[in-house]
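K.L.:
I am sharing structure.cif, which consists of mmCIF, C-alpha atoms and all ligand atoms:
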```
data_my_file
loop_
_atom_site.label_atom_id
_atom_site.label_comp_id
_atom_site.auth_asym_id
_atom_site.auth_seq_id
_atom_site.Cartn_x
_atom_site.Cartn_y
_atom_site.Cartn_z
CA MET W 1 85.80 124.51 95.58
CA CYS W 2 85.67 120.75 96.08
CA ASN W 3 85.65 119.40 99.65
CA CYS W 4 86.37 115.84 98.50
CA GLY W 5 89.46 115.67 100.72
CA ASP W 6 87.38 116.33 103.88
CA TYR W 7 84.77 113.79 102.81
CA ILE W 8 87.37 111.09 102.16
CA GLN W 9 89.01 111.91 105.49
CA ASP W 10 85.66 111.51 107.31
CA MET W 11 84.92 108.28 105.51
CA ARG W 12 88.25 106.92 106.70
CA TYR W 13 87.29 107.48 110.32
CA VAL W 14 83.90 105.87 109.70
CA ALA W 15 85.74 102.86 108.23
CA LEU W 16 88.05 102.81 111.25
CA GLU W 17 85.12 102.71 113.72
CA LYS W 18 83.43 99.99 111.69
CA MET W 19 86.62 97.92 111.62
CA LEU W 20 87.16 98.34 115.37
CA ASP W 21 83.70 96.88 116.04
CA LYS W 22 84.93 93.57 114.65
CA TYR W 23 87.89 93.44 117.03
CA ARG W 24 86.16 94.61 120.19
CA HIS W 25 85.92 91.14 121.75
CA THR W 26 88.95 89.38 120.28
CA THR W 27 92.37 88.85 121.82
CA GLY W 28 95.78 89.49 120.23
CA LYS W 29 94.26 92.25 118.15
CA ILE W 30 96.81 95.06 118.11
CA ILE W 31 98.74 93.92 115.01
CA PRO W 32 95.70 93.12 112.83
CA VAL W 33 94.02 96.36 113.96
CA LEU W 34 97.12 98.38 113.04
CA GLN W 35 97.36 96.59 109.68
CA LYS W 36 93.72 97.40 108.90
CA THR W 37 94.20 100.99 110.10
CA GLN W 38 97.16 101.38 107.76
CA GLU W 39 95.10 99.96 104.90
CA ILE W 40 92.48 102.63 105.55
CA PHE W 41 94.78 105.66 105.99
CA LYS W 42 97.93 104.43 104.17
CA TYR W 43 99.70 105.24 107.44
CA ILE W 44 98.76 105.27 111.13
CA PRO W 45 97.70 108.75 112.25
CA GLU W 46 98.05 109.84 115.87
CA GLU W 47 94.30 110.50 116.01
CA ALA W 48 93.58 106.91 114.92
CA ILE W 49 95.78 105.57 117.73
CA LYS W 50 93.78 107.64 120.24
CA ILE W 51 90.52 106.21 118.87
CA ILE W 52 91.84 102.63 118.88
CA ALA W 53 93.03 103.05 122.49
CA GLU W 54 89.66 104.43 123.61
CA GLU W 55 87.49 101.99 121.70
CA LEU W 56 89.44 98.84 122.49
CA LYS W 57 90.49 99.88 126.01
CA ILE W 58 94.18 99.41 125.30
CA PRO W 59 96.76 101.93 126.60
CA SER W 60 97.96 104.08 123.70
CA SER W 61 101.55 103.51 124.89
CA GLU W 62 101.08 99.81 124.16
CA ILE W 63 99.77 100.57 120.67
CA TYR W 64 102.67 102.94 119.99
CA GLY W 65 105.06 100.27 121.25
CA VAL W 66 103.81 97.77 118.67
CA ALA W 67 103.54 100.36 115.88
CA THR W 68 107.13 101.50 116.34
CA PHE W 69 108.56 98.00 116.81
CA TYR W 70 107.47 96.62 113.45
CA GLY W 71 108.93 98.15 110.29
CA GLN W 72 105.70 97.48 108.40
CA PHE W 73 103.91 100.30 110.24
CA HIS W 74 104.26 103.94 109.23
CA LEU W 75 103.42 106.73 111.64
CA GLN W 76 104.09 109.54 109.17
CA VAL W 77 101.82 110.44 106.29
CA ARG W 78 102.86 108.73 103.06
CA GLY W 79 102.26 109.58 99.43
CA LYS W 80 100.00 107.75 97.04
CA ASN W 81 103.04 106.36 95.19
CA ILE W 82 105.98 104.89 97.08
CA ILE W 83 109.38 105.20 95.42
CA ARG W 84 112.00 102.88 96.89
CA VAL W 85 115.54 103.56 95.81
CA CYS W 86 118.36 101.20 96.60
CA THR W 87 121.38 102.48 98.51
CA GLY W 88 123.11 99.07 98.69
CA THR W 89 126.69 98.47 97.60
CA ALA W 90 125.97 97.09 94.11
CA CYS W 91 123.69 100.02 93.32
CA HIS W 92 126.04 102.55 94.89
CA VAL W 93 128.90 101.34 92.65
CA GLN W 94 126.65 101.70 89.59
CA GLY W 95 125.63 105.29 90.39
CA GLY W 96 122.85 104.82 92.93
CA GLY W 97 123.83 108.10 94.62
CA LYS W 98 123.18 110.10 91.44
CA LEU W 99 119.93 108.22 90.94
CA LEU W 100 118.78 109.18 94.45
CA GLU W 101 119.79 112.80 93.79
CA SER W 102 117.80 112.85 90.58
CA ILE W 103 114.69 111.43 92.25
CA THR W 104 114.96 113.94 95.10
CA LYS W 105 115.34 116.81 92.61
CA THR W 106 112.49 115.59 90.38
CA LEU W 107 110.14 115.37 93.36
CA GLY W 108 111.28 118.76 94.69
CA LEU W 109 112.14 117.31 98.09
CA SER W 110 114.50 119.16 100.43
CA GLY W 111 115.51 119.43 104.06
CA GLY W 112 115.02 115.73 104.76
CA THR W 113 111.35 115.74 103.70
CA MET W 114 110.47 112.45 102.08
CA THR W 115 106.88 113.07 100.99
CA THR W 116 105.78 115.61 98.40
CA ASN W 117 103.37 118.35 99.51
CA ASP W 118 100.63 117.05 97.23
CA LEU W 119 100.98 113.59 98.86
CA MET W 120 101.56 112.02 95.45
CA PHE W 121 104.98 110.52 96.24
CA THR W 122 107.02 109.27 99.19
CA LEU W 123 110.69 108.47 98.72
CA GLU W 124 112.15 105.61 100.76
CA PRO W 125 115.84 104.74 100.44
CA VAL W 126 116.35 101.03 101.22
CA ALA W 127 119.41 98.87 101.82
CA CYS W 128 118.77 96.39 98.98
CA LEU W 129 115.84 95.69 96.69
CA GLY W 130 117.02 92.17 95.90
CA ALA W 131 117.71 92.94 92.25
CA CYS W 132 121.46 93.69 92.50
CA GLY W 133 122.10 92.33 88.98
CA MET W 134 120.01 95.23 87.63
CA ALA W 135 121.84 97.95 89.60
CA PRO W 136 121.10 100.77 90.05
CA VAL W 137 117.52 99.96 90.95
CA MET W 138 114.42 101.79 92.04
CA MET W 139 110.85 100.64 92.51
CA ILE W 140 107.69 102.68 92.17
CA ASN W 141 104.94 100.83 93.97
CA GLU W 142 105.23 97.27 92.54
CA ASP W 143 107.12 98.29 89.38
CA THR W 144 110.88 97.66 89.26
CA TYR W 145 113.22 99.85 87.20
CA GLY W 146 116.75 98.57 86.77
CA ARG W 147 119.89 99.84 85.04
CA ILE W 148 118.41 103.31 84.83
CA SER W 149 120.25 106.57 84.47
CA PRO W 150 119.45 109.70 86.48
CA GLU W 151 118.30 111.35 83.23
CA GLU W 152 115.48 108.82 82.83
CA VAL W 153 113.97 109.58 86.23
CA PRO W 154 111.74 112.60 85.36
CA GLU W 155 110.06 110.72 82.51
CA ILE W 156 109.47 107.59 84.61
CA ILE W 157 108.01 109.60 87.50
CA SER W 158 105.79 111.57 85.11
CA ARG W 159 104.05 108.30 84.13
CA TYR W 160 102.70 108.05 87.67
CA MET W 161 101.55 111.68 87.59
CA GLU W 162 99.68 110.98 84.37
CA LYS W 163 98.04 107.88 85.86
CA ASP W 164 96.75 110.03 88.70
CA GLY W 165 95.55 112.72 86.29
CA ILE W 166 93.46 110.17 84.42
CA GLU W 167 91.91 108.91 87.66
CA LYS W 168 91.03 112.47 88.69
CA CYS W 169 89.27 113.08 85.37
CA ILE W 170 87.26 109.87 85.70
CA ALA W 171 86.29 110.77 89.28
S1 LIG C 201 122.29 96.47 96.20
FE1 LIG C 201 120.77 97.44 95.02
S2 LIG C 201 119.32 95.90 94.63
FE2 LIG C 201 120.79 94.95 95.90
#
```
Any chance you could give the structure as structure tokens?
Ligand code: FES

P.N.:
Amino acid sequence: MCNCGDYIQDMRYVALEKMLDKYRHTTGKIIPVLQKTQEIFKYIPEEAIKIIAEELKIPSSEIYGVATFYGQFHLQVRGKNIIRVCTGTACHVQGGGKLLESITKTLGLSGGTMTTNDLMFTLEPVACLGACGMAPVMMINEDTYGRISPEEVPEIISRYMEKDGIEKCIA
């Protein structure tokens, strides 16, 4: 059985240590360090905060304070693909609720869980995606899908599963 997951995980911590070396003697480093950490892990794990605190001699409470203050930082594990679905008024009027239901069902999410077990997808409802004229709207990563019906959701999401399948074969 492949241990690729463990190897990638280890490599992430190696990358974290390497990145921290660059910030050891600089000031005003918490935000850039957290941004780089999130680039490495796709979120900010608790273990990484402990390492940052130790290595840079910053209280972990201070790091948590910054990480929780800014919306750009995510402390929970996130999927490879981020699905943002709009819950704003224009989208709601055009059936945004049914769209959200369809996405949730397609991903098999329940009980308030927003990330699939295989870490392929994270669902994030947002107040407005700035494309109200195309309501209802969802985005998958950088791709915008407007005026879509709940019935179209499984096929759209499957495109991102196929993309991943191809990458796995190449790897
Ligand atoms: S209300 Fe949905 S994109 Fe603005």

K.L.:
When distances are computed from only C-alpha atoms, which of W:Glu151, W:Glu62, W:Glu54, W:Glu142 shows the smallest separation from Ser102 (chain W)?

P.N.:
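Of W:Glu151, W:Glu62, W:Glu54, W:Glu142, the one nearest Ser102 (chain W) is W:Glu151, counting only C-alpha atoms.
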
K.L.:
May I have the protein, DNA and RNA residues with an atom at most 10 Å from (102.6, 110.4, 111.3), counting all atoms listed in the file in the file's coordinates, returned as a PyMOL selection string?

P.N.:
chain W and resi 43-47+74-78

K.L.:
Which residues, written as an MDAnalysis selection string, have at least one atom at most 8 Å from Asn81 (chain W), with only C-alpha atoms counted and residues fewer than 4 positions away on the same chain left out?

P.N.:
chainID W and resid 120:122 140:141 160

K.L.:
Check which residues fall inside 10 Å of ligand LIG 201 (chain C) when counting all atoms listed in the file, and print them as a PyMOL selection string.

P.N.:
chain W and resi 85-94+96+126-139+146

K.L.:
Find the residue from W:Leu109, W:Met11, W:Leu56, W:Ile148 that sits nearest to Lys29 (chain W); use only C-alpha atoms when measuring.

P.N.:
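Among the listed residues, the smallest separation from Lys29 (chain W) belongs to W:Leu56.
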
K.L.:
With all atoms listed in the file as the atoms that count, which of W:Ser149, W:Met19, W:Asn117, W:Ile63 lies nearest to Glu101 (chain W)?

P.N.:
W:Ser149

K.L.:
Could you tell me how far CA of Tyr13 (chain W) sits from CA of Gly112 (chain W), in Å to one decimal place?

P.N.:
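Those two atoms sit 29.5 Å apart.
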
K.L.:
Please identify all polymer residues within 12 Å of Gly65 (chain W), counting only C-alpha atoms, omitting same-chain residues fewer than 6 positions from it, and present them as a PyMOL selection string.

P.N.:
chain W and resi 30-31+34+49+58-59+71+73+75

K.L.:
If I take CA of Arg147 (chain W) and CA of Pro125 (chain W), how far is one from the other in Å, to one decimal?

P.N.:
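The value is 16.7 Å.
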
K.L.:
Quick one: pull the distance between CA of Gly111 (chain W) and CA of Ser61 (chain W), Å, one decimal.

P.N.:
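Spanning CA of Gly111 (chain W) to CA of Ser61 (chain W) is a straight-line distance of 29.7 Å.
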
K.L.:
Restricting the calculation to only C-alpha atoms, which member of W:Asp10, W:Asp143, W:Glu55, W:Glu152 is positioned closest to Ile103 (chain W)?

P.N.:
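Closest candidate: W:Glu152.
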
K.L.:
I need region 65-124 of chain W written out with C-alpha atoms, as a compact mmCIF listing (two decimals), in the first residue's frame; please produce it.

P.N.:
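New file selection24.txt:
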```
# COMPACT_ATOMS: atom_id res chain seq x y z
CA GLY W 65 -5.00 35.82 17.59
CA VAL W 66 -3.80 36.85 14.13
CA ALA W 67 -4.94 33.62 12.46
CA THR W 68 -8.48 33.96 13.81
CA PHE W 69 -8.74 37.71 13.17
CA TYR W 70 -8.18 37.57 9.42
CA GLY W 71 -10.73 35.75 7.26
CA GLN W 72 -8.02 34.68 4.83
CA PHE W 73 -6.66 32.12 7.30
CA HIS W 74 -8.23 28.68 7.73
CA LEU W 75 -7.60 26.63 10.84
CA GLN W 76 -9.59 23.61 9.67
CA VAL W 77 -8.44 21.19 7.03
CA ARG W 78 -9.75 22.10 3.57
CA GLY W 79 -10.32 20.05 0.46
CA LYS W 80 -8.31 20.21 -2.72
CA ASN W 81 -11.22 21.92 -4.51
CA ILE W 82 -13.08 24.80 -2.88
CA ILE W 83 -16.74 25.17 -3.83
CA ARG W 84 -18.19 28.57 -2.95
CA VAL W 85 -21.93 28.84 -3.21
CA CYS W 86 -23.73 32.14 -2.94
CA THR W 87 -26.41 32.59 -0.29
CA GLY W 88 -27.04 36.28 -1.11
CA THR W 89 -30.49 37.70 -1.84
CA ALA W 90 -30.31 37.65 -5.65
CA CYS W 91 -29.17 34.02 -5.64
CA HIS W 92 -31.65 33.03 -2.95
CA VAL W 93 -34.54 34.41 -5.05
CA GLN W 94 -33.30 32.41 -8.05
CA GLY W 95 -33.13 29.11 -6.16
CA GLY W 96 -29.79 29.34 -4.38
CA GLY W 97 -31.17 27.25 -1.50
CA LYS W 98 -31.89 24.30 -3.80
CA LEU W 99 -28.48 24.72 -5.39
CA LEU W 100 -26.81 24.52 -1.97
CA GLU W 101 -28.89 21.43 -1.13
CA SER W 102 -27.85 19.76 -4.35
CA ILE W 103 -24.15 20.47 -3.76
CA THR W 104 -24.38 19.17 -0.19
CA LYS W 105 -26.12 16.00 -1.39
CA THR W 106 -23.70 15.45 -4.29
CA LEU W 107 -20.72 15.75 -1.95
CA GLY W 108 -22.36 13.51 0.67
CA LEU W 109 -21.93 16.11 3.40
CA SER W 110 -24.05 15.95 6.55
CA GLY W 111 -24.16 17.14 10.14
CA GLY W 112 -22.54 20.49 9.37
CA THR W 113 -19.39 18.91 7.89
CA MET W 114 -18.07 21.07 5.08
CA THR W 115 -15.17 18.97 3.80
CA THR W 116 -15.48 15.56 2.18
CA ASN W 117 -13.71 12.62 3.86
CA ASP W 118 -11.37 12.18 0.90
CA LEU W 119 -10.35 15.86 1.20
CA MET W 120 -11.31 16.45 -2.43
CA PHE W 121 -13.89 19.18 -1.76
CA THR W 122 -14.72 21.87 0.78
CA LEU W 123 -18.03 23.68 0.58
CA GLU W 124 -18.11 27.34 1.63
```
